[in-house]
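**Q** Contents of entry-v3.txt (compact mmCIF, C-alpha atoms):
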```txt
# COMPACT_ATOMS: atom_id res chain seq x y z
CA MET A 1 27.20 -8.41 7.57
CA SER A 2 26.96 -5.44 5.23
CA PRO A 3 23.68 -3.50 5.29
CA LEU A 4 21.25 -3.74 2.38
CA ARG A 5 19.12 -0.97 0.91
CA LEU A 6 15.62 -2.19 0.04
CA ALA A 7 13.41 0.23 -1.88
CA THR A 8 10.12 0.69 -3.71
CA TRP A 9 9.45 3.19 -6.49
CA ASN A 10 6.22 3.93 -8.33
CA LEU A 11 7.55 5.13 -11.69
CA LEU A 12 4.41 6.75 -13.16
CA HIS A 13 5.68 5.05 -16.37
CA GLY A 14 8.81 7.20 -16.17
CA ARG A 15 7.03 10.52 -16.55
CA SER A 16 8.47 13.72 -15.10
CA LEU A 17 6.03 16.14 -13.49
CA THR A 18 8.45 18.99 -14.30
CA HIS A 19 8.33 18.78 -18.10
CA GLY A 20 5.67 16.10 -18.61
CA GLU A 21 7.86 13.84 -20.72
CA VAL A 22 9.49 10.43 -20.34
CA ARG A 23 13.26 10.61 -20.73
CA ALA A 24 15.68 7.77 -20.18
CA ASP A 25 18.18 10.08 -18.51
CA ASP A 26 15.62 11.07 -15.86
CA VAL A 27 14.92 7.44 -15.04
CA ARG A 28 18.64 6.68 -14.88
CA ALA A 29 19.23 9.66 -12.60
CA GLY A 30 16.49 8.50 -10.23
CA ALA A 31 17.77 4.94 -10.11
CA SER A 32 21.34 6.14 -9.51
CA ARG A 33 20.29 8.39 -6.65
CA LEU A 34 18.22 5.64 -5.07
CA ASP A 35 21.17 3.20 -5.29
CA ALA A 36 19.11 0.25 -4.02
CA ASP A 37 20.34 -3.33 -3.66
CA VAL A 38 16.79 -4.58 -4.15
CA LEU A 39 14.20 -2.37 -5.84
CA ALA A 40 10.49 -2.97 -6.45
CA LEU A 41 8.93 -1.00 -9.32
CA GLN A 42 5.31 -0.14 -9.99
CA GLU A 43 3.49 1.49 -12.94
CA VAL A 44 6.17 0.12 -15.25
CA ASP A 45 5.93 0.50 -19.03
CA ARG A 46 7.53 -1.78 -21.55
CA LEU A 47 7.57 -0.82 -25.25
CA GLN A 48 4.81 1.78 -24.82
CA ASN A 49 4.62 4.75 -27.19
CA ARG A 50 3.98 7.13 -24.28
CA SER A 51 7.33 6.04 -22.79
CA ASN A 52 9.24 6.22 -26.09
CA GLY A 53 9.38 2.44 -26.37
CA LEU A 54 11.60 2.08 -23.30
CA ASP A 55 11.87 -1.12 -21.28
CA LEU A 56 11.87 0.63 -17.90
CA THR A 57 12.71 -2.42 -15.78
CA ARG A 58 15.74 -3.20 -17.90
CA LEU A 59 16.80 0.46 -17.91
CA VAL A 60 16.72 0.60 -14.10
CA ALA A 61 18.54 -2.74 -13.83
CA GLU A 62 21.34 -1.66 -16.15
CA THR A 63 21.72 1.63 -14.29
CA GLY A 64 21.99 -0.09 -10.93
CA ALA A 65 24.33 -2.89 -12.07
CA ALA A 66 21.74 -5.51 -11.13
CA VAL A 67 22.50 -9.22 -11.53
CA TRP A 68 18.80 -10.13 -11.85
CA SER A 69 15.63 -8.38 -12.91
CA ARG A 70 12.14 -9.42 -13.90
CA PHE A 71 9.20 -7.54 -15.39
CA VAL A 72 5.74 -8.99 -14.74
CA PRO A 73 3.06 -7.56 -17.04
CA THR A 74 -0.39 -7.09 -15.59
CA LEU A 75 -1.87 -6.07 -18.94
CA HIS A 76 -0.98 -6.11 -22.62
CA GLY A 77 -1.76 -3.13 -24.79
CA VAL A 78 -2.17 0.48 -23.73
CA PRO A 79 -3.35 1.31 -20.18
CA GLY A 80 -6.73 3.01 -20.36
CA ALA A 81 -7.25 2.11 -24.03
CA GLY A 82 -7.52 -1.31 -25.62
CA TRP A 83 -5.74 -3.54 -23.13
CA THR A 84 -6.16 -7.21 -22.24
CA PRO A 85 -5.21 -8.94 -18.97
CA ALA A 86 -1.76 -10.52 -19.00
CA ALA A 87 -1.46 -14.27 -18.58
CA ASP A 88 1.39 -16.22 -17.02
CA ALA A 89 4.26 -16.81 -19.42
CA GLY A 90 7.04 -17.58 -16.95
CA GLU A 91 9.98 -15.22 -17.31
CA HIS A 92 9.32 -14.78 -21.03
CA GLU A 93 8.83 -11.09 -21.76
CA PRO A 94 5.95 -10.09 -24.06
CA ASP A 95 6.70 -8.84 -27.57
CA GLY A 96 4.26 -5.94 -27.69
CA PRO A 97 3.49 -2.99 -25.42
CA SER A 98 2.72 -3.97 -21.84
CA TYR A 99 2.47 -2.53 -18.35
CA GLY A 100 2.99 -3.96 -14.88
CA ILE A 101 5.50 -4.31 -12.05
CA GLY A 102 9.18 -5.12 -11.80
CA LEU A 103 11.83 -6.27 -9.37
CA VAL A 104 15.55 -5.54 -9.67
CA SER A 105 18.27 -7.11 -7.51
CA ARG A 106 22.02 -6.90 -7.05
CA LEU A 107 21.80 -10.16 -5.11
CA PRO A 108 21.45 -13.52 -6.87
CA VAL A 109 17.89 -14.81 -7.08
CA LEU A 110 17.35 -18.51 -6.33
CA GLU A 111 13.71 -18.68 -7.49
CA SER A 112 10.76 -16.43 -8.26
CA HIS A 113 6.98 -16.78 -8.19
CA VAL A 114 4.03 -14.71 -9.44
CA LEU A 115 0.57 -14.22 -7.92
CA ARG A 116 -2.13 -12.55 -10.01
CA PHE A 117 -5.24 -10.65 -8.90
CA PRO A 118 -8.25 -9.80 -11.09
CA PRO A 119 -9.35 -6.16 -11.25
CA ALA A 120 -11.98 -4.85 -8.89
CA PRO A 121 -15.43 -4.82 -10.53
CA MET A 122 -15.80 -1.07 -10.00
CA GLY A 123 -13.75 2.04 -10.63
CA MET A 124 -13.06 5.04 -8.42
CA PRO A 125 -12.55 8.80 -8.86
CA LEU A 126 -8.80 9.47 -8.72
CA LEU A 127 -6.55 12.50 -9.03
CA VAL A 128 -4.66 11.83 -12.28
CA PRO A 129 -1.51 13.93 -12.85
CA GLY A 130 -2.16 16.43 -15.62
CA GLN A 131 -5.85 15.51 -15.91
CA GLY A 132 -7.37 16.28 -12.51
CA LEU A 133 -10.06 14.22 -10.80
CA MET A 134 -11.56 11.54 -13.04
CA LYS A 135 -13.19 8.13 -12.77
CA VAL A 136 -10.66 5.36 -13.35
CA ASP A 137 -11.39 1.67 -13.84
CA ASP A 138 -9.28 -0.80 -11.90
CA GLU A 139 -6.75 -3.05 -13.62
CA PRO A 140 -5.37 -6.55 -13.02
CA ARG A 141 -2.72 -6.62 -10.32
CA ALA A 142 0.20 -8.91 -9.49
CA ALA A 143 2.77 -9.77 -6.86
CA LEU A 144 6.28 -10.99 -7.66
CA ALA A 145 8.15 -12.92 -4.96
CA ALA A 146 11.87 -13.63 -5.24
CA VAL A 147 14.02 -15.76 -2.94
CA LEU A 148 17.39 -14.01 -2.73
CA ALA A 149 20.78 -15.32 -1.70
CA GLY A 150 21.41 -12.88 1.15
CA PRO A 151 24.63 -12.28 3.08
CA GLY A 152 23.34 -14.39 5.99
CA GLY A 153 21.28 -16.91 4.04
CA PRO A 154 18.21 -16.85 1.79
CA PHE A 155 15.39 -14.41 2.34
CA THR A 156 12.29 -13.37 0.39
CA VAL A 157 11.29 -10.07 -1.16
CA VAL A 158 7.85 -9.43 -2.65
CA ALA A 159 7.06 -6.58 -5.05
CA THR A 160 3.46 -5.54 -5.63
CA HIS A 161 1.05 -2.78 -6.61
CA LEU A 162 -2.39 -3.33 -5.11
CA SER A 163 -5.80 -2.05 -6.19
CA PHE A 164 -6.87 1.50 -5.34
CA VAL A 165 -10.40 0.25 -4.54
CA PRO A 166 -10.93 0.28 -0.74
CA GLY A 167 -11.59 -3.15 0.73
CA PHE A 168 -10.49 -4.90 -2.45
CA ASN A 169 -6.87 -3.99 -1.75
CA VAL A 170 -7.18 -5.30 1.81
CA ARG A 171 -8.36 -8.69 0.51
CA GLN A 172 -5.46 -8.76 -1.97
CA LEU A 173 -2.97 -8.00 0.79
CA ARG A 174 -4.32 -10.77 3.03
CA ARG A 175 -4.13 -13.27 0.18
CA LEU A 176 -0.58 -12.18 -0.62
CA VAL A 177 0.54 -12.76 2.98
CA ARG A 178 -0.90 -16.31 2.98
CA TRP A 179 0.67 -17.04 -0.40
CA VAL A 180 4.21 -15.99 0.55
CA GLN A 181 4.26 -17.73 3.94
CA PRO A 182 6.01 -20.94 2.70
CA LEU A 183 8.99 -18.98 1.36
CA PRO A 184 12.15 -18.41 3.46
CA GLY A 185 12.12 -15.67 6.06
CA PRO A 186 12.67 -13.00 6.76
CA ARG A 187 10.05 -11.90 4.23
CA VAL A 188 9.93 -8.28 3.05
CA LEU A 189 7.06 -6.68 1.15
CA LEU A 190 7.88 -3.67 -1.04
CA GLY A 191 5.29 -1.73 -2.96
CA ASP A 192 2.55 0.78 -3.53
CA LEU A 193 -0.23 -0.83 -1.52
CA ASN A 194 -2.75 1.99 -2.02
CA LEU A 195 -3.36 1.75 1.71
CA PRO A 196 -2.48 4.70 3.96
CA GLY A 197 -0.39 4.98 7.09
CA SER A 198 -0.34 2.07 9.50
CA LEU A 199 -3.24 0.17 7.88
CA PRO A 200 -0.98 -2.37 6.09
CA ARG A 201 0.69 -3.23 9.41
CA LEU A 202 -2.69 -3.76 11.05
CA VAL A 203 -3.93 -5.94 8.16
CA THR A 204 -0.84 -8.14 7.93
CA GLY A 205 0.56 -8.19 11.46
CA TRP A 206 4.00 -7.57 9.88
CA SER A 207 6.47 -4.95 11.08
CA GLN A 208 6.31 -1.56 9.37
CA LEU A 209 9.95 -0.70 8.74
CA ALA A 210 9.23 2.84 7.55
CA ARG A 211 6.54 5.30 8.64
CA VAL A 212 6.96 8.37 6.43
CA PRO A 213 4.71 10.11 3.85
CA THR A 214 5.45 9.40 0.18
CA TYR A 215 2.56 10.98 -1.77
CA PRO A 216 2.25 13.37 -3.54
CA SER A 217 5.92 13.81 -4.34
CA TRP A 218 5.81 17.62 -4.40
CA HIS A 219 4.33 17.79 -0.87
CA PRO A 220 4.12 14.31 0.72
CA ARG A 221 1.24 13.98 3.19
CA VAL A 222 0.15 10.33 2.86
CA GLN A 223 2.07 7.05 2.86
CA PHE A 224 0.91 4.68 0.13
CA ASP A 225 4.37 3.16 -0.47
CA HIS A 226 5.47 0.66 2.15
CA VAL A 227 8.23 -1.63 3.39
CA LEU A 228 6.79 -4.35 5.62
CA ALA A 229 8.63 -7.32 7.08
CA ASP A 230 7.87 -10.67 8.67
CA GLY A 231 10.77 -11.89 10.80
CA LEU A 232 12.54 -8.54 10.75
CA GLY A 233 11.81 -5.66 13.11
CA GLN A 234 12.77 -2.06 13.80
CA PRO A 235 16.12 -2.96 15.45
CA ALA A 236 17.34 -4.10 12.02
CA VAL A 237 16.60 -0.70 10.43
CA GLN A 238 19.56 1.66 10.00
CA GLN A 239 18.10 4.35 7.74
CA VAL A 240 14.78 5.37 6.19
CA MET A 241 14.52 7.76 3.23
CA SER A 242 11.56 9.18 1.31
CA LEU A 243 13.12 10.55 -1.88
CA ARG A 244 11.67 12.83 -4.50
CA LEU A 245 13.24 11.69 -7.76
CA PRO A 246 13.21 13.20 -11.28
CA VAL A 247 10.13 11.15 -12.30
CA SER A 248 6.80 10.19 -10.72
CA ASP A 249 4.12 11.65 -8.47
CA HIS A 250 5.30 9.31 -5.67
CA ASN A 251 8.46 9.58 -3.64
CA ALA A 252 10.60 6.46 -3.65
CA LEU A 253 10.89 4.81 -0.23
CA ALA A 254 14.21 3.23 0.80
CA VAL A 255 15.05 1.34 3.99
CA THR A 256 18.58 0.23 4.89
CA VAL A 257 18.63 -2.91 7.06
CA ARG A 258 20.93 -5.57 8.45
CA LEU A 259 19.57 -9.06 7.93
CA PRO A 260 20.03 -11.84 10.49
CA ALA A 261 21.89 -15.04 9.57
CA ARG A 262 19.49 -17.92 8.98
CA PRO A 263 19.89 -21.55 7.89
CA THR A 264 18.45 -22.69 4.59
CA PRO A 265 14.90 -23.97 5.27
CA GLN A 266 13.05 -26.84 3.65
CA ARG A 267 9.61 -25.73 2.50
CA PRO A 268 6.91 -26.26 -0.13
CA VAL A 269 6.44 -24.02 -3.17
CA PRO A 270 3.70 -21.40 -2.65
CA ARG A 271 0.39 -21.89 -4.43
CA ALA A 272 -1.72 -19.09 -5.87
```
If you took the structure in this file and wrote it as structure tokens, what would it be?
**A**
Amino acid sequence: MSPLRLATWNLLHGRSLTHGEVRADDVRAGASRLDADVLALQEVDRLQNRSNGLDLTRLVAETGAAVWSRFVPTLHGVPGAGWTPAADAGEHEPDGPSYGIGLVSRLPVLESHVLRFPPAPMGMPLLVPGQGLMKVDDEPRAALAAVLAGPGGPFTVVATHLSFVPGFNVRQLRRLVRWVQPLPGPRVLLGDLNLPGSLPRLVTGWSQLARVPTYPSWHPRVQFDHVLADGLGQPAVQQVMSLRLPVSDHNALAVTVRLPARPTPQRPVPRA
């Protein structure tokens, strides 16, 4: 079976730290260099003024010749100013400005499911690019699971961006693992978990397919971006890359794997 490149990329809404702007060509260049078969996106803008009205999920999908993509808004309106929590609307994309996560795939998707998390009740001081250390309120979060038609049978990929509030993100991760369990394995989690190092592996009991720093992009010292797997271990890994791309304060993380052949399982639909 041909290897697959699975990746996660926190976009910082497409902003470049070099010139401080959002340019479609920079996003395209990053997506082309990453060249992922399945790509999870975080901090994704859609129709926001700060991102020049771009639909970043669609832009990445078109660049990578994807056959399927989905944007899941976590809030409507402008992040940090006048937003409301997003509600489930299936695969219908909102009309106005929104912000959330995305998943892009070159493999056919058999089904997809969304899990939503409320924001933590407290904020935290964070280092915000261009603004320094400031108190930031948490936002609603989401996970997007897709069952893909893989080369050896169906498997599941989950994209997410968890809370930055310590403890709250651990509870979200545990709930996510329970929620995705009914879906076909192997199961792969891609995302910015806001949890450092080996902590996600210890919380989930899943295999950590990549152990490499991803943040900050100009001098990575901490790993917040992760590729975890249930039913897939280190022997399946062929390559790991932490890539500084033209946009974002995070490196993208890419793992090339070979998936085992598996029969199609019979299972219930996950419940939130």
**Q** If we count all atoms listed in the file, what is near Ala65 (chain A) at a cut-off of 12 Å, once residues fewer than 4 positions away on the same chain are taken out, given as a list in words?
**A** Arg28, Ala31, Ser32, Asp35, Ala36, Asp37, Val38, Leu39, Arg58, Leu59, Val60, Ala61, Ser69, Val104, Ser105, Arg106 and Leu107 of chain A
**Q** Axis-aligned box over every listed atom of region 149-155 of chain A, padded by 4 Å per side: centre and edges in Å to one decimal, as lines of an AutoDock Vina configuration file?
**A**
```
center_x = 20.0
center_y = -14.6
center_z = 2.1
size_x = 17.2
size_y = 12.6
size_z = 15.7
```
**Q** In Å, rounded to a single decimal, give me how far CA of Val255 (chain A) is from CA of Arg5 (chain A).
**A**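 Here the two named atoms are 5.6 Å from each other.
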**Q** Could you state the separation of CA of Phe155 (chain A) and CA of Leu202 (chain A) in Å, given to one decimal place?
**A** 22.7 Å
**Q** Rounded to one decimal, what separation in Å do you get between CA of Gln208 (chain A) and CA of Val188 (chain A)?
**A**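 For CA of Gln208 (chain A) relative to CA of Val188 (chain A), the distance reads 9.9 Å.
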**Q** Please identify all polymer residues within 12 Å of Asp55 (chain A), counting all atoms listed in the file, omitting same-chain residues fewer than 3 positions from it, and present them as a PyMOL selection string.
**A** chain A and resi 13-14+22-24+27+44-52+58-62+69-73+93-102
**Q** Give the answer as one residue: which of A:Val180, A:Met122, A:Leu11, A:Ala229 has the shortest atom-to-atom distance to Pro200 (chain A), using all atoms listed in the file?
**A** A:Ala229
**Q** Taking all atoms listed in the file into account, which of A:Arg171, A:Arg244, A:Arg116, A:His250 comes nearest Leu144 (chain A)?
**A**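 Smallest distance to Leu144 (chain A) is found for A:Arg116.
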**Q** Which of these, A:Pro119, A:Pro154, A:Gly205, A:Gly191, has the shortest distance to Thr84 (chain A) once you count all atoms listed in the file?
**A**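 Distance minimum relative to Thr84 (chain A) lands on A:Pro119.
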**Q** My list of candidates is A:Gln238, A:Thr204, A:Asn194, A:Thr256. Which is closest to Gln223 (chain A) when distances are computed with all atoms listed in the file?
**A**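 Smallest distance to Gln223 (chain A) is found for A:Asn194.
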**Q** I'd like the contact shell of His161 (chain A) - 12 Å cut-off, only C-alpha atoms, skipping same-chain residues fewer than 3 positions apart - returned as a PyMOL selection string.
**A** chain A and resi 8-11+40-44+72-74+99-103+115-117+119+138-144+158+164+169+172-173+176+189-195+224-226
**Q** Rank nothing, just name the residue among A:Val157, A:Ala86, A:Lys135, A:Val78 nearest to His113 (chain A), using only C-alpha atoms.
**A** A:Val157
**Q** Which residue, A:Gly197, A:Pro260, A:Pro246, A:Pro151, has the smallest gap to Leu228 (chain A) when you use only C-alpha atoms?
**A** A:Gly197
**Q** At a cut-off of 8 Å, using only C-alpha atoms, what residues contact Arg258 (chain A)? Leave out same-chain residues fewer than 3 positions from it and give the result as a compact mmCIF listing (two decimals) with C-alpha atoms, in the coordinates of the input.
**A**
```txt
# COMPACT_ATOMS: atom_id res chain seq x y z
CA MET A 1 27.20 -8.41 7.57
CA SER A 2 26.96 -5.44 5.23
CA PRO A 3 23.68 -3.50 5.29
CA LEU A 4 21.25 -3.74 2.38
CA ALA A 236 17.34 -4.10 12.02
CA VAL A 237 16.60 -0.70 10.43
CA GLN A 238 19.56 1.66 10.00
```
